Every structure is written in C-alpha cells, then in structure tokens.
Amino acid sequence: MLSNSKIMNWPPGTHANTFGGNLLAAAGGLATLDFMESAQLGEKAVEKGNYLIGRLNELKNKYR
C-alpha cells in the first residue's frame with residue numbers, strides 16, 4: 001500500500017492487512033462477484049431458503 005502523509009499518517013506497523021491493495025486478490029474478488037451475479041446465486045439462495053423454512057415449519061407443526 002502506498003500513500004502520502006497528506007491522506008495517511010499512521011504510525012509504522014499500524015497497517016497489518018496482508019491482502020489490502022493486492023491486485024490479484026482484488027481481481028479474484030471481482031471475478032467471484034461477476035460469477036455470483038451471472039449464476040443468479042442470490043435468487044437461488046432465496047429459493048432454497050424459502051423451501052427449507054417451509055419444510056422446517058412443517059416439522060415444527062408436527063412435533064413439539
């Protein structure tokens with residue numbers, strides 16, 4: 001991570017994030033978000049979650 005004293009005046013050792021500003025990690029994160037959007041994982045998670053909640057409610061009503 002590079003900066004100048006006008007915007008960052010942390011003492012030495014304060015910044016301990018190994019992955020902060022890592023271009024490879026940033027590219028991997030963006031690729032993951034792109035995949036999640038293209039595969040509609042959010043919508044699928046909601047669908048599966050609603051199914052699971054419905055089934056659990058059936059069991060709740062059947063058993064004490």
# chains A, B, ... in the order shown; residues from 1 in each chain; ligands from 1

call {"tool": "select_by_dssp", "arguments": {"residues": "chain A", "states": "helix (DSSP H, G or I)", "output": "PDB file with all heavy atoms, in the first residue's frame"}}
result
ATOM      1  N   LEU A  23      -3.468  -6.687  -5.919  1.00  0.00           N
ATOM      2  CA  LEU A  23      -4.168  -6.691  -7.197  1.00  0.00           C
ATOM      3  C   LEU A  23      -4.739  -8.057  -7.544  1.00  0.00           C
ATOM      4  O   LEU A  23      -5.846  -8.159  -8.090  1.00  0.00           O
ATOM      5  CB  LEU A  23      -3.240  -6.204  -8.311  1.00  0.00           C
ATOM      6  CG  LEU A  23      -2.791  -4.751  -8.182  1.00  0.00           C
ATOM      7  CD1 LEU A  23      -1.848  -4.398  -9.330  1.00  0.00           C
ATOM      8  CD2 LEU A  23      -3.973  -3.814  -8.167  1.00  0.00           C
ATOM      9  N   LEU A  24      -4.020  -9.115  -7.243  1.00  0.00           N
ATOM     10  CA  LEU A  24      -4.520 -10.454  -7.532  1.00  0.00           C
ATOM     11  C   LEU A  24      -5.756 -10.758  -6.689  1.00  0.00           C
ATOM     12  O   LEU A  24      -6.749 -11.295  -7.201  1.00  0.00           O
ATOM     13  CB  LEU A  24      -3.436 -11.498  -7.287  1.00  0.00           C
ATOM     14  CG  LEU A  24      -3.807 -12.938  -7.613  1.00  0.00           C
ATOM     15  CD1 LEU A  24      -4.221 -13.081  -9.067  1.00  0.00           C
ATOM     16  CD2 LEU A  24      -2.637 -13.855  -7.304  1.00  0.00           C
ATOM     17  N   ALA A  25      -5.730 -10.398  -5.409  1.00  0.00           N
ATOM     18  CA  ALA A  25      -6.885 -10.623  -4.542  1.00  0.00           C
ATOM     19  C   ALA A  25      -8.075  -9.790  -5.007  1.00  0.00           C
ATOM     20  O   ALA A  25      -9.214 -10.261  -5.004  1.00  0.00           O
ATOM     21  CB  ALA A  25      -6.542 -10.285  -3.094  1.00  0.00           C
ATOM     22  N   ALA A  26      -7.833  -8.559  -5.432  1.00  0.00           N
ATOM     23  CA  ALA A  26      -8.920  -7.706  -5.927  1.00  0.00           C
ATOM     24  C   ALA A  26      -9.521  -8.296  -7.199  1.00  0.00           C
ATOM     25  O   ALA A  26     -10.742  -8.333  -7.356  1.00  0.00           O
ATOM     26  CB  ALA A  26      -8.396  -6.296  -6.187  1.00  0.00           C
ATOM     27  N   ALA A  27      -8.674  -8.770  -8.117  1.00  0.00           N
ATOM     28  CA  ALA A  27      -9.174  -9.375  -9.357  1.00  0.00           C
ATOM     29  C   ALA A  27      -9.979 -10.633  -9.052  1.00  0.00           C
ATOM     30  O   ALA A  27     -11.029 -10.870  -9.658  1.00  0.00           O
ATOM     31  CB  ALA A  27      -8.004  -9.701 -10.286  1.00  0.00           C
ATOM     32  N   GLY A  28      -9.497 -11.440  -8.099  1.00  0.00           N
ATOM     33  CA  GLY A  28     -10.237 -12.635  -7.706  1.00  0.00           C
ATOM     34  C   GLY A  28     -11.581 -12.298  -7.092  1.00  0.00           C
ATOM     35  O   GLY A  28     -12.588 -12.959  -7.355  1.00  0.00           O
ATOM     36  N   GLY A  29     -11.615 -11.264  -6.276  1.00  0.00           N
ATOM     37  CA  GLY A  29     -12.878 -10.830  -5.669  1.00  0.00           C
ATOM     38  C   GLY A  29     -13.865 -10.352  -6.710  1.00  0.00           C
ATOM     39  O   GLY A  29     -15.056 -10.696  -6.664  1.00  0.00           O
ATOM     40  N   LEU A  30     -13.396  -9.570  -7.671  1.00  0.00           N
ATOM     41  CA  LEU A  30     -14.279  -9.095  -8.741  1.00  0.00           C
ATOM     42  C   LEU A  30     -14.789 -10.245  -9.601  1.00  0.00           C
ATOM     43  O   LEU A  30     -15.967 -10.278  -9.982  1.00  0.00           O
ATOM     44  CB  LEU A  30     -13.553  -8.070  -9.605  1.00  0.00           C
ATOM     45  CG  LEU A  30     -13.300  -6.718  -8.939  1.00  0.00           C
ATOM     46  CD1 LEU A  30     -12.425  -5.846  -9.837  1.00  0.00           C
ATOM     47  CD2 LEU A  30     -14.610  -6.017  -8.620  1.00  0.00           C
ATOM     48  N   ALA A  31     -13.916 -11.208  -9.899  1.00  0.00           N
ATOM     49  CA  ALA A  31     -14.342 -12.370 -10.683  1.00  0.00           C
ATOM     50  C   ALA A  31     -15.396 -13.172  -9.928  1.00  0.00           C
ATOM     51  O   ALA A  31     -16.365 -13.659 -10.519  1.00  0.00           O
ATOM     52  CB  ALA A  31     -13.138 -13.246 -11.013  1.00  0.00           C
ATOM     53  N   THR A  32     -15.228 -13.289  -8.614  1.00  0.00           N
ATOM     54  CA  THR A  32     -16.213 -14.005  -7.801  1.00  0.00           C
ATOM     55  C   THR A  32     -17.557 -13.299  -7.831  1.00  0.00           C
ATOM     56  O   THR A  32     -18.605 -13.931  -7.991  1.00  0.00           O
ATOM     57  CB  THR A  32     -15.710 -14.129  -6.347  1.00  0.00           C
ATOM     58  OG1 THR A  32     -14.484 -14.854  -6.355  1.00  0.00           O
ATOM     59  CG2 THR A  32     -16.722 -14.831  -5.467  1.00  0.00           C
ATOM     60  N   LEU A  33     -17.553 -11.975  -7.682  1.00  0.00           N
ATOM     61  CA  LEU A  33     -18.808 -11.218  -7.729  1.00  0.00           C
ATOM     62  C   LEU A  33     -19.474 -11.335  -9.096  1.00  0.00           C
ATOM     63  O   LEU A  33     -20.700 -11.492  -9.185  1.00  0.00           O
ATOM     64  CB  LEU A  33     -18.554  -9.751  -7.384  1.00  0.00           C
ATOM     65  CG  LEU A  33     -18.163  -9.485  -5.930  1.00  0.00           C
ATOM     66  CD1 LEU A  33     -17.783  -8.020  -5.753  1.00  0.00           C
ATOM     67  CD2 LEU A  33     -19.272  -9.876  -4.980  1.00  0.00           C
ATOM     68  N   ASP A  34     -18.678 -11.278 -10.171  1.00  0.00           N
ATOM     69  CA  ASP A  34     -19.233 -11.446 -11.518  1.00  0.00           C
ATOM     70  C   ASP A  34     -19.893 -12.814 -11.661  1.00  0.00           C
ATOM     71  O   ASP A  34     -20.995 -12.939 -12.201  1.00  0.00           O
ATOM     72  CB  ASP A  34     -18.146 -11.292 -12.586  1.00  0.00           C
ATOM     73  CG  ASP A  34     -17.709  -9.851 -12.773  1.00  0.00           C
ATOM     74  OD1 ASP A  34     -18.443  -8.936 -12.333  1.00  0.00           O
ATOM     75  OD2 ASP A  34     -16.624  -9.654 -13.360  1.00  0.00           O
ATOM     76  N   PHE A  35     -19.219 -13.858 -11.167  1.00  0.00           N
ATOM     77  CA  PHE A  35     -19.785 -15.208 -11.243  1.00  0.00           C
ATOM     78  C   PHE A  35     -21.084 -15.297 -10.453  1.00  0.00           C
ATOM     79  O   PHE A  35     -22.069 -15.871 -10.923  1.00  0.00           O
ATOM     80  CB  PHE A  35     -18.791 -16.240 -10.728  1.00  0.00           C
ATOM     81  CG  PHE A  35     -19.399 -17.609 -10.571  1.00  0.00           C
ATOM     82  CD1 PHE A  35     -19.651 -18.388 -11.684  1.00  0.00           C
ATOM     83  CD2 PHE A  35     -19.751 -18.085  -9.324  1.00  0.00           C
ATOM     84  CE1 PHE A  35     -20.230 -19.644 -11.558  1.00  0.00           C
ATOM     85  CE2 PHE A  35     -20.330 -19.335  -9.185  1.00  0.00           C
ATOM     86  CZ  PHE A  35     -20.570 -20.111 -10.299  1.00  0.00           C
ATOM     87  N   MET A  36     -21.083 -14.733  -9.256  1.00  0.00           N
ATOM     88  CA  MET A  36     -22.278 -14.799  -8.413  1.00  0.00           C
ATOM     89  C   MET A  36     -23.460 -14.115  -9.083  1.00  0.00           C
ATOM     90  O   MET A  36     -24.583 -14.603  -9.021  1.00  0.00           O
ATOM     91  CB  MET A  36     -22.002 -14.181  -7.046  1.00  0.00           C
ATOM     92  CG  MET A  36     -21.057 -15.005  -6.193  1.00  0.00           C
ATOM     93  SD  MET A  36     -20.652 -14.212  -4.627  1.00  0.00           S
ATOM     94  CE  MET A  36     -22.216 -14.333  -3.776  1.00  0.00           C
ATOM     95  N   GLU A  37     -23.203 -12.991  -9.744  1.00  0.00           N
ATOM     96  CA  GLU A  37     -24.281 -12.284 -10.441  1.00  0.00           C
ATOM     97  C   GLU A  37     -24.752 -13.064 -11.658  1.00  0.00           C
ATOM     98  O   GLU A  37     -25.954 -13.201 -11.891  1.00  0.00           O
ATOM     99  CB  GLU A  37     -23.821 -10.888 -10.848  1.00  0.00           C
ATOM    100  CG  GLU A  37     -23.682  -9.938  -9.688  1.00  0.00           C
ATOM    101  CD  GLU A  37     -23.126  -8.587 -10.087  1.00  0.00           C
ATOM    102  OE1 GLU A  37     -22.726  -8.404 -11.257  1.00  0.00           O
ATOM    103  OE2 GLU A  37     -23.087  -7.701  -9.215  1.00  0.00           O
ATOM    104  N   SER A  38     -23.828 -13.602 -12.441  1.00  0.00           N
ATOM    105  CA  SER A  38     -24.210 -14.296 -13.668  1.00  0.00           C
ATOM    106  C   SER A  38     -24.917 -15.616 -13.379  1.00  0.00           C
ATOM    107  O   SER A  38     -25.762 -16.050 -14.152  1.00  0.00           O
ATOM    108  CB  SER A  38     -22.990 -14.541 -14.554  1.00  0.00           C
ATOM    109  OG  SER A  38     -22.118 -15.486 -13.958  1.00  0.00           O
ATOM    110  N   LEU A  41     -26.889 -16.559  -8.063  1.00  0.00           N
ATOM    111  CA  LEU A  41     -26.787 -17.283  -6.802  1.00  0.00           C
ATOM    112  C   LEU A  41     -27.668 -16.676  -5.718  1.00  0.00           C
ATOM    113  O   LEU A  41     -28.180 -17.400  -4.863  1.00  0.00           O
ATOM    114  CB  LEU A  41     -25.334 -17.340  -6.340  1.00  0.00           C
ATOM    115  CG  LEU A  41     -24.394 -18.143  -7.235  1.00  0.00           C
ATOM    116  CD1 LEU A  41     -22.982 -18.139  -6.653  1.00  0.00           C
ATOM    117  CD2 LEU A  41     -24.871 -19.562  -7.415  1.00  0.00           C
ATOM    118  N   GLY A  42     -27.858 -15.366  -5.738  1.00  0.00           N
ATOM    119  CA  GLY A  42     -28.715 -14.738  -4.736  1.00  0.00           C
ATOM    120  C   GLY A  42     -30.147 -15.220  -4.827  1.00  0.00           C
ATOM    121  O   GLY A  42     -30.767 -15.581  -3.818  1.00  0.00           O
ATOM    122  N   GLU A  43     -30.667 -15.273  -6.050  1.00  0.00           N
ATOM    123  CA  GLU A  43     -32.044 -15.728  -6.250  1.00  0.00           C
ATOM    124  C   GLU A  43     -32.195 -17.199  -5.875  1.00  0.00           C
ATOM    125  O   GLU A  43     -33.183 -17.607  -5.267  1.00  0.00           O
ATOM    126  CB  GLU A  43     -32.477 -15.515  -7.700  1.00  0.00           C
ATOM    127  CG  GLU A  43     -32.635 -14.064  -8.105  1.00  0.00           C
ATOM    128  CD  GLU A  43     -31.325 -13.425  -8.578  1.00  0.00           C
ATOM    129  OE1 GLU A  43     -30.261 -14.080  -8.500  1.00  0.00           O
ATOM    130  OE2 GLU A  43     -31.362 -12.265  -9.007  1.00  0.00           O
ATOM    131  N   LYS A  44     -31.190 -17.996  -6.228  1.00  0.00           N
ATOM    132  CA  LYS A  44     -31.237 -19.420  -5.886  1.00  0.00           C
ATOM    133  C   LYS A  44     -31.178 -19.621  -4.383  1.00  0.00           C
ATOM    134  O   LYS A  44     -31.841 -20.505  -3.843  1.00  0.00           O
ATOM    135  CB  LYS A  44     -30.103 -20.167  -6.579  1.00  0.00           C
ATOM    136  CG  LYS A  44     -30.295 -20.256  -8.079  1.00  0.00           C
ATOM    137  CD  LYS A  44     -29.135 -20.958  -8.747  1.00  0.00           C
ATOM    138  CE  LYS A  44     -29.319 -20.967 -10.258  1.00  0.00           C
ATOM    139  NZ  LYS A  44     -28.175 -21.572 -10.943  1.00  0.00           N
ATOM    140  N   ALA A  45     -30.398 -18.806  -3.691  1.00  0.00           N
ATOM    141  CA  ALA A  45     -30.301 -18.916  -2.237  1.00  0.00           C
ATOM    142  C   ALA A  45     -31.638 -18.595  -1.587  1.00  0.00           C
ATOM    143  O   ALA A  45     -32.056 -19.272  -0.635  1.00  0.00           O
ATOM    144  CB  ALA A  45     -29.211 -17.991  -1.706  1.00  0.00           C
ATOM    145  N   VAL A  46     -32.325 -17.580  -2.087  1.00  0.00           N
ATOM    146  CA  VAL A  46     -33.643 -17.224  -1.553  1.00  0.00           C
ATOM    147  C   VAL A  46     -34.623 -18.368  -1.794  1.00  0.00           C
ATOM    148  O   VAL A  46     -35.381 -18.757  -0.904  1.00  0.00           O
ATOM    149  CB  VAL A  46     -34.159 -15.912  -2.188  1.00  0.00           C
ATOM    150  CG1 VAL A  46     -35.611 -15.674  -1.844  1.00  0.00           C
ATOM    151  CG2 VAL A  46     -33.304 -14.736  -1.736  1.00  0.00           C
ATOM    152  N   GLU A  47     -34.595 -18.931  -2.989  1.00  0.00           N
ATOM    153  CA  GLU A  47     -35.491 -20.049  -3.324  1.00  0.00           C
ATOM    154  C   GLU A  47     -35.245 -21.243  -2.400  1.00  0.00           C
ATOM    155  O   GLU A  47     -36.190 -21.797  -1.827  1.00  0.00           O
ATOM    156  CB  GLU A  47     -35.272 -20.448  -4.780  1.00  0.00           C
ATOM    157  CG  GLU A  47     -36.098 -21.625  -5.243  1.00  0.00           C
ATOM    158  CD  GLU A  47     -35.726 -22.049  -6.656  1.00  0.00           C
ATOM    159  OE1 GLU A  47     -35.292 -21.198  -7.456  1.00  0.00           O
ATOM    160  OE2 GLU A  47     -35.854 -23.255  -6.949  1.00  0.00           O
ATOM    161  N   LYS A  48     -33.990 -21.631  -2.247  1.00  0.00           N
ATOM    162  CA  LYS A  48     -33.668 -22.773  -1.385  1.00  0.00           C
ATOM    163  C   LYS A  48     -33.983 -22.465   0.076  1.00  0.00           C
ATOM    164  O   LYS A  48     -34.457 -23.333   0.810  1.00  0.00           O
ATOM    165  CB  LYS A  48     -32.187 -23.149  -1.512  1.00  0.00           C
ATOM    166  CG  LYS A  48     -31.756 -23.513  -2.904  1.00  0.00           C
ATOM    167  CD  LYS A  48     -32.388 -24.787  -3.375  1.00  0.00           C
ATOM    168  CE  LYS A  48     -31.833 -25.146  -4.749  1.00  0.00           C
ATOM    169  NZ  LYS A  48     -32.566 -26.212  -5.393  1.00  0.00           N
ATOM    170  N   GLY A  49     -33.729 -21.230   0.501  1.00  0.00           N
ATOM    171  CA  GLY A  49     -34.029 -20.839   1.876  1.00  0.00           C
ATOM    172  C   GLY A  49     -35.510 -20.897   2.177  1.00  0.00           C
ATOM    173  O   GLY A  49     -35.918 -21.384   3.240  1.00  0.00           O
ATOM    174  N   ASN A  50     -36.323 -20.426   1.240  1.00  0.00           N
ATOM    175  CA  ASN A  50     -37.778 -20.473   1.430  1.00  0.00           C
ATOM    176  C   ASN A  50     -38.273 -21.915   1.511  1.00  0.00           C
ATOM    177  O   ASN A  50     -39.156 -22.240   2.307  1.00  0.00           O
ATOM    178  CB  ASN A  50     -38.489 -19.727   0.307  1.00  0.00           C
ATOM    179  CG  ASN A  50     -38.332 -18.226   0.445  1.00  0.00           C
ATOM    180  OD1 ASN A  50     -38.102 -17.702   1.526  1.00  0.00           O
ATOM    181  ND2 ASN A  50     -38.449 -17.526  -0.665  1.00  0.00           N
ATOM    182  N   TYR A  51     -37.710 -22.785   0.675  1.00  0.00           N
ATOM    183  CA  TYR A  51     -38.082 -24.203   0.722  1.00  0.00           C
ATOM    184  C   TYR A  51     -37.735 -24.799   2.080  1.00  0.00           C
ATOM    185  O   TYR A  51     -38.548 -25.480   2.706  1.00  0.00           O
ATOM    186  CB  TYR A  51     -37.373 -24.963  -0.400  1.00  0.00           C
ATOM    187  CG  TYR A  51     -37.551 -26.463  -0.305  1.00  0.00           C
ATOM    188  CD1 TYR A  51     -38.733 -27.066  -0.737  1.00  0.00           C
ATOM    189  CD2 TYR A  51     -36.553 -27.264   0.234  1.00  0.00           C
ATOM    190  CE1 TYR A  51     -38.903 -28.429  -0.642  1.00  0.00           C
ATOM    191  CE2 TYR A  51     -36.721 -28.633   0.336  1.00  0.00           C
ATOM    192  CZ  TYR A  51     -37.896 -29.221  -0.102  1.00  0.00           C
ATOM    193  OH  TYR A  51     -38.069 -30.563   0.007  1.00  0.00           O
ATOM    194  N   LEU A  52     -36.511 -24.523   2.543  1.00  0.00           N
ATOM    195  CA  LEU A  52     -36.062 -25.073   3.819  1.00  0.00           C
ATOM    196  C   LEU A  52     -36.924 -24.568   4.972  1.00  0.00           C
ATOM    197  O   LEU A  52     -37.331 -25.347   5.849  1.00  0.00           O
ATOM    198  CB  LEU A  52     -34.592 -24.720   4.063  1.00  0.00           C
ATOM    199  CG  LEU A  52     -33.975 -25.220   5.351  1.00  0.00           C
ATOM    200  CD1 LEU A  52     -34.031 -26.740   5.441  1.00  0.00           C
ATOM    201  CD2 LEU A  52     -32.544 -24.740   5.487  1.00  0.00           C
ATOM    202  N   ILE A  53     -37.233 -23.290   4.975  1.00  0.00           N
ATOM    203  CA  ILE A  53     -38.076 -22.736   6.045  1.00  0.00           C
ATOM    204  C   ILE A  53     -39.455 -23.385   6.030  1.00  0.00           C
ATOM    205  O   ILE A  53     -40.008 -23.726   7.082  1.00  0.00           O
ATOM    206  CB  ILE A  53     -38.174 -21.202   5.907  1.00  0.00           C
ATOM    207  CG1 ILE A  53     -36.836 -20.574   6.288  1.00  0.00           C
ATOM    208  CG2 ILE A  53     -39.298 -20.644   6.777  1.00  0.00           C
ATOM    209  CD1 ILE A  53     -36.751 -19.088   5.993  1.00  0.00           C
ATOM    210  N   GLY A  54     -40.000 -23.600   4.843  1.00  0.00           N
ATOM    211  CA  GLY A  54     -41.297 -24.260   4.742  1.00  0.00           C
ATOM    212  C   GLY A  54     -41.272 -25.663   5.317  1.00  0.00           C
ATOM    213  O   GLY A  54     -42.175 -26.067   6.071  1.00  0.00           O
ATOM    214  N   ARG A  55     -40.242 -26.420   4.972  1.00  0.00           N
ATOM    215  CA  ARG A  55     -40.127 -27.791   5.480  1.00  0.00           C
ATOM    216  C   ARG A  55     -39.908 -27.813   6.997  1.00  0.00           C
ATOM    217  O   ARG A  55     -40.472 -28.657   7.701  1.00  0.00           O
ATOM    218  CB  ARG A  55     -38.990 -28.526   4.773  1.00  0.00           C
ATOM    219  CG  ARG A  55     -39.199 -28.715   3.276  1.00  0.00           C
ATOM    220  CD  ARG A  55     -40.354 -29.621   2.993  1.00  0.00           C
ATOM    221  NE  ARG A  55     -40.083 -30.913   3.605  1.00  0.00           N
ATOM    222  CZ  ARG A  55     -40.614 -32.065   3.260  1.00  0.00           C
ATOM    223  NH1 ARG A  55     -41.501 -32.096   2.305  1.00  0.00           N
ATOM    224  NH2 ARG A  55     -40.299 -33.168   3.864  1.00  0.00           N
ATOM    225  N   LEU A  56     -39.101 -26.888   7.500  1.00  0.00           N
ATOM    226  CA  LEU A  56     -38.888 -26.819   8.948  1.00  0.00           C
ATOM    227  C   LEU A  56     -40.173 -26.446   9.679  1.00  0.00           C
ATOM    228  O   LEU A  56     -40.446 -26.968  10.769  1.00  0.00           O
ATOM    229  CB  LEU A  56     -37.768 -25.822   9.270  1.00  0.00           C
ATOM    230  CG  LEU A  56     -36.360 -26.268   8.887  1.00  0.00           C
ATOM    231  CD1 LEU A  56     -35.376 -25.107   9.064  1.00  0.00           C
ATOM    232  CD2 LEU A  56     -35.921 -27.467   9.706  1.00  0.00           C
ATOM    233  N   ASN A  57     -40.967 -25.565   9.090  1.00  0.00           N
ATOM    234  CA  ASN A  57     -42.257 -25.213   9.705  1.00  0.00           C
ATOM    235  C   ASN A  57     -43.197 -26.410   9.737  1.00  0.00           C
ATOM    236  O   ASN A  57     -43.958 -26.583  10.686  1.00  0.00           O
ATOM    237  CB  ASN A  57     -42.895 -24.033   8.976  1.00  0.00           C
ATOM    238  CG  ASN A  57     -42.301 -22.710   9.403  1.00  0.00           C
ATOM    239  OD1 ASN A  57     -41.886 -22.539  10.549  1.00  0.00           O
ATOM    240  ND2 ASN A  57     -42.235 -21.783   8.481  1.00  0.00           N
ATOM    241  N   GLU A  58     -43.144 -27.256   8.702  1.00  0.00           N
ATOM    242  CA  GLU A  58     -43.950 -28.487   8.717  1.00  0.00           C
ATOM    243  C   GLU A  58     -43.546 -29.369   9.889  1.00  0.00           C
ATOM    244  O   GLU A  58     -44.404 -29.913  10.590  1.00  0.00           O
ATOM    245  CB  GLU A  58     -43.764 -29.247   7.403  1.00  0.00           C
ATOM    246  CG  GLU A  58     -44.423 -28.595   6.213  1.00  0.00           C
ATOM    247  CD  GLU A  58     -44.115 -29.349   4.914  1.00  0.00           C
ATOM    248  OE1 GLU A  58     -43.682 -30.518   4.964  1.00  0.00           O
ATOM    249  OE2 GLU A  58     -44.297 -28.731   3.850  1.00  0.00           O
ATOM    250  N   LEU A  59     -42.247 -29.524  10.109  1.00  0.00           N
ATOM    251  CA  LEU A  59     -41.776 -30.338  11.224  1.00  0.00           C
ATOM    252  C   LEU A  59     -42.143 -29.697  12.561  1.00  0.00           C
ATOM    253  O   LEU A  59     -42.517 -30.395  13.511  1.00  0.00           O
ATOM    254  CB  LEU A  59     -40.260 -30.509  11.147  1.00  0.00           C
ATOM    255  CG  LEU A  59     -39.737 -31.375  10.004  1.00  0.00           C
ATOM    256  CD1 LEU A  59     -38.226 -31.304   9.927  1.00  0.00           C
ATOM    257  CD2 LEU A  59     -40.205 -32.812  10.170  1.00  0.00           C
ATOM    258  N   LYS A  60     -42.068 -28.379  12.621  1.00  0.00           N
ATOM    259  CA  LYS A  60     -42.415 -27.673  13.858  1.00  0.00           C
ATOM    260  C   LYS A  60     -43.871 -27.901  14.202  1.00  0.00           C
ATOM    261  O   LYS A  60     -44.228 -28.097  15.367  1.00  0.00           O
ATOM    262  CB  LYS A  60     -42.147 -26.175  13.685  1.00  0.00           C
ATOM    263  CG  LYS A  60     -42.492 -25.345  14.887  1.00  0.00           C
ATOM    264  CD  LYS A  60     -42.280 -23.862  14.630  1.00  0.00           C
ATOM    265  CE  LYS A  60     -43.442 -23.388  13.798  1.00  0.00           C
ATOM    266  NZ  LYS A  60     -43.501 -21.936  13.608  1.00  0.00           N
ATOM    267  N   ASN A  61     -44.718 -27.920  13.186  1.00  0.00           N
ATOM    268  CA  ASN A  61     -46.159 -28.131  13.432  1.00  0.00           C
ATOM    269  C   ASN A  61     -46.477 -29.585  13.761  1.00  0.00           C
ATOM    270  O   ASN A  61     -47.458 -29.875  14.426  1.00  0.00           O
ATOM    271  CB  ASN A  61     -46.970 -27.686  12.214  1.00  0.00           C
ATOM    272  CG  ASN A  61     -46.879 -26.196  11.973  1.00  0.00           C
ATOM    273  OD1 ASN A  61     -46.676 -25.422  12.908  1.00  0.00           O
ATOM    274  ND2 ASN A  61     -46.987 -25.777  10.729  1.00  0.00           N
ATOM    275  N   LYS A  62     -45.633 -30.482  13.306  1.00  0.00           N
ATOM    276  CA  LYS A  62     -45.877 -31.919  13.536  1.00  0.00           C
ATOM    277  C   LYS A  62     -45.341 -32.367  14.889  1.00  0.00           C
ATOM    278  O   LYS A  62     -45.943 -33.236  15.537  1.00  0.00           O
ATOM    279  CB  LYS A  62     -45.208 -32.716  12.411  1.00  0.00           C
ATOM    280  CG  LYS A  62     -45.484 -34.196  12.456  1.00  0.00           C
ATOM    281  CD  LYS A  62     -44.893 -34.875  11.232  1.00  0.00           C
ATOM    282  CE  LYS A  62     -45.149 -36.376  11.284  1.00  0.00           C
ATOM    283  NZ  LYS A  62     -44.596 -37.057  10.107  1.00  0.00           N
TER     284      LYS A  62
END
